[in-house]
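Everything below concerns the one structure shown next.
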Amino acid sequence: MGPDVAGVIVETVQGEGGVLPAPAGFLEGLRKLTEAQGALLMIDEIQTGVGRTGKFLGIHHSTVEPDALSMAKALAGGVPIGAMLCSEKLAQALPPGSHGSTFGGNPLASAVALAVLDEVEKRDLVGHSASVGAYLGERLERLMRYPAVSGARGQGLLRALELSEGVDARAVVADLREAGVLVTLAGQRALRFSPPLIITEEQVDEGVGVVEQVIGKLK
C-alpha cells in the first residue's frame, strides 16, 4: 500500500471466494490505510446489499464509512440494475454528461428499485433476514457432525457449508438439485445458501433437512 494506490475495492463478505466474512477489524484497518495514503475505499455490495446479511448493507456490520459503494441484483428484485453511492465529497466527481451509459438511470429500473426498497421497509425484510439467517446458520452448524462437512459460516441469509477435502462439491450440488434444493458453489468446496429474504424457519427446516439427507450419505 503506497501513494500509487488510487483506491481499494473489497466485499464485506467475499462471495465467489467461498462466503468469507471480513475478519473483525479488517475493514477498519483498510479504512485507516486508505485514509493515510489518500486513497478511496470502495465497497462491493452487489451480493451483500439490500438486507442479505441481516443489515441493509454489509458495511453496516462495521463502523466504517466508505467513499463509494456499488449495488445491483437485489436492488431491483431481478430487473437489471446497477447503482453507485458515494460520499458527499465525491458527489461532484461525475457531473451530468461526464459518464455515459446506454440504460443508465432508466425509468423502469428506477421505479422497480423504489418499489423493492418500499417492500423491504414495509415488511422489515432486513430484520427478518437477521433472525431467520441466524436460524439458518444454527441449522447448518449442526451438520458439522457429519464427516463430509468441515465448517459453516456467513452472515444473515448469505451462508456457506464447507465440505471436507476429497468430497466432490460439484457432485453434491447436482445431488441437491435432484433432491429439490438449489445451492451454488463458492470457492472450491463451499455450498452457498442465499435464499429469498422472505424465507420462513419452516422452509429452512425443509431445505436443510434435504441437505442433511444428501450430506449424511457421504463418507
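Letters for chains follow the order of the C-alpha cells (A, B, ...), residue numbers begin at 1 for each chain, and ligand numbers begin at 1 in the order shown.
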
Neighbouring residues of range 210-213 of chain A were defined as those with any atom within 7 Å, considering only C-alpha atoms; residues of the same chain fewer than 2 positions away were excluded. Please report them as an MDAnalysis selection string. chainID A and resid 143 176 179 206:208 215:217

Restricted to C-alpha atoms, what would the selected residues look like written as a PDB file, in the first residue's frame?
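again10.pdb written:
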```
ATOM      1  CA  LEU A 143     -24.375 -30.531  10.016  1.00  0.00           C
ATOM      2  CA  LEU A 176     -29.051 -31.462  -4.016  1.00  0.00           C
ATOM      3  CA  ALA A 179     -33.408 -33.692  -4.374  1.00  0.00           C
ATOM      4  CA  GLU A 206     -37.384 -28.380   4.999  1.00  0.00           C
ATOM      5  CA  GLY A 207     -34.399 -27.327   2.916  1.00  0.00           C
ATOM      6  CA  VAL A 208     -31.725 -28.160   5.477  1.00  0.00           C
ATOM      7  CA  ILE A 215     -24.700 -34.988   3.193  1.00  0.00           C
ATOM      8  CA  GLY A 216     -25.368 -37.901   5.514  1.00  0.00           C
ATOM      9  CA  LYS A 217     -24.761 -40.392   2.720  1.00  0.00           C
TER      10      LYS A 217
END
```

If you run DSSP on this backbone, which residues of range 6-218 of chain A come out as strand (DSSP E or B), and could you give them as a count of residues only? 44

Excluding range 129-133 of chain A and its own-chain neighbours fewer than 4 positions away, which residues fall within 10 Å of it when counting only C-alpha atoms? Please give them as JSON, numbers by chain. {"A": [51, 52, 53, 54, 55, 56, 124, 125, 137, 138, 139, 154, 155, 156, 157, 158, 159, 194, 195, 196, 197, 198, 199, 200, 201, 202, 204]}

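Closest approach to Ala24 in chain A among A:Glu121, A:Gly38, A:Val167, A:Val64: A:Val64, based on only C-alpha atoms.
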
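We find CA of Thr48 in chain A and CA of Leu30 in chain A to be spaced 18.4 Å apart.
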
Going by DSSP on the backbone, which bits of range 43-185 of chain A are helix (DSSP H, G or I)? Write them as a VMD selection string, please. chain A and resid 58 to 61 73 to 76 88 to 90 107 to 122 125 to 145 169 to 179

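Taking CA of Lys219 in chain A and CA of Gln203 in chain A as the two end points, the separation is 26.8 Å.
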
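Neighbours of range 73-90 of chain A closer than or equal to 7 Å, with only C-alpha atoms counted and sequence neighbours fewer than 2 positions away skipped, come out as Ile46, Val50, Asp67, Ala68, Leu69, Ser70, Met71, Gln92, Ala93, Ala109, Val112, Ala113 and Val116 of chain A.
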
Go ahead and save the picked residues with N, CA and C atoms, as an mmCIF file, in the first residue's frame.
```cif
data_model
loop_
_atom_site.group_PDB
_atom_site.id
_atom_site.type_symbol
_atom_site.label_atom_id
_atom_site.label_comp_id
_atom_site.auth_asym_id
_atom_site.auth_seq_id
_atom_site.Cartn_x
_atom_site.Cartn_y
_atom_site.Cartn_z
ATOM 1 N N ILE A 46 -22.803 -5.808 -4.099
ATOM 2 C CA ILE A 46 -23.707 -6.410 -5.074
ATOM 3 C C ILE A 46 -24.335 -7.689 -4.529
ATOM 4 N N VAL A 50 -28.936 -4.669 0.397
ATOM 5 C CA VAL A 50 -30.405 -4.770 0.489
ATOM 6 C C VAL A 50 -30.833 -5.915 1.419
ATOM 7 N N ASP A 67 -15.958 5.479 0.887
ATOM 8 C CA ASP A 67 -16.077 6.632 -0.003
ATOM 9 C C ASP A 67 -17.123 6.385 -1.084
ATOM 10 N N ALA A 68 -17.256 5.129 -1.501
ATOM 11 C CA ALA A 68 -18.238 4.768 -2.521
ATOM 12 C C ALA A 68 -18.586 3.302 -2.359
ATOM 13 N N LEU A 69 -19.772 2.932 -2.830
ATOM 14 C CA LEU A 69 -20.146 1.526 -2.821
ATOM 15 C C LEU A 69 -21.050 1.231 -4.008
ATOM 16 N N SER A 70 -21.011 -0.011 -4.449
ATOM 17 C CA SER A 70 -21.818 -0.434 -5.592
ATOM 18 C C SER A 70 -22.940 -1.350 -5.132
ATOM 19 N N MET A 71 -24.082 -1.254 -5.828
ATOM 20 C CA MET A 71 -25.228 -2.110 -5.552
ATOM 21 C C MET A 71 -25.804 -2.584 -6.879
ATOM 22 N N GLN A 92 -19.626 15.343 -6.720
ATOM 23 C CA GLN A 92 -19.460 16.097 -7.966
ATOM 24 C C GLN A 92 -18.412 15.496 -8.895
ATOM 25 N N ALA A 93 -17.909 14.306 -8.539
ATOM 26 C CA ALA A 93 -16.871 13.691 -9.354
ATOM 27 C C ALA A 93 -17.390 13.273 -10.733
ATOM 28 N N ALA A 109 -36.139 0.574 -14.409
ATOM 29 C CA ALA A 109 -35.306 0.032 -13.341
ATOM 30 C C ALA A 109 -35.394 0.893 -12.082
ATOM 31 N N VAL A 112 -38.726 0.245 -10.326
ATOM 32 C CA VAL A 112 -38.719 -1.067 -9.675
ATOM 33 C C VAL A 112 -37.870 -1.027 -8.403
ATOM 34 N N ALA A 113 -36.729 -0.360 -8.467
ATOM 35 C CA ALA A 113 -35.866 -0.258 -7.287
ATOM 36 C C ALA A 113 -36.599 0.436 -6.137
ATOM 37 N N VAL A 116 -39.043 -2.015 -4.677
ATOM 38 C CA VAL A 116 -38.353 -3.024 -3.870
ATOM 39 C C VAL A 116 -37.978 -2.462 -2.506
#
```

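Distance-wise, CA of Ser164 in chain A and CA of Glu16 in chain A end up 18.1 Å apart.
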
Residues within 10 Å of Val8 in chain A, please, as an NGL selection string. Count only C-alpha atoms; anything in the same chain fewer than 2 positions from it doesn't count. :A and (1 or 5-6 or 10 or 30-31 or 33-34 or 39-43)

Which residues, written as a PyMOL selection string, have at least one atom at most 12 Å from Glu165 in chain A, with only C-alpha atoms counted and residues fewer than 6 positions away on the same chain left out? chain A and resi 147-151+188-190+219

List the neighbours of Ala186 in chain A out to 9 Å using only C-alpha atoms; skip same-chain residues closer than 3 positions along the sequence, and give me the result as a PyMOL selection string. chain A and resi 15-19+160+189-192

Kindly export the residues of the current selection with C-alpha atoms, as a PDB file, in the first residue's frame.
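Now in selection.pdb:
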```pdb
ATOM      1  CA  GLY A  15     -18.950 -14.133  -2.193  1.00  0.00           C
ATOM      2  CA  GLU A  16     -17.433 -16.121  -5.042  1.00  0.00           C
ATOM      3  CA  GLY A  17     -14.363 -16.901  -2.945  1.00  0.00           C
ATOM      4  CA  GLY A  18     -16.393 -19.031  -0.556  1.00  0.00           C
ATOM      5  CA  VAL A  19     -18.717 -16.763   1.515  1.00  0.00           C
ATOM      6  CA  ALA A 160     -21.901 -21.439   3.328  1.00  0.00           C
ATOM      7  CA  ARG A 189     -15.671 -26.606  -1.601  1.00  0.00           C
ATOM      8  CA  ALA A 190     -18.302 -24.246  -0.190  1.00  0.00           C
ATOM      9  CA  LEU A 191     -22.013 -24.753  -0.769  1.00  0.00           C
ATOM     10  CA  ARG A 192     -23.543 -21.262  -0.876  1.00  0.00           C
TER      11      ARG A 192
END
```
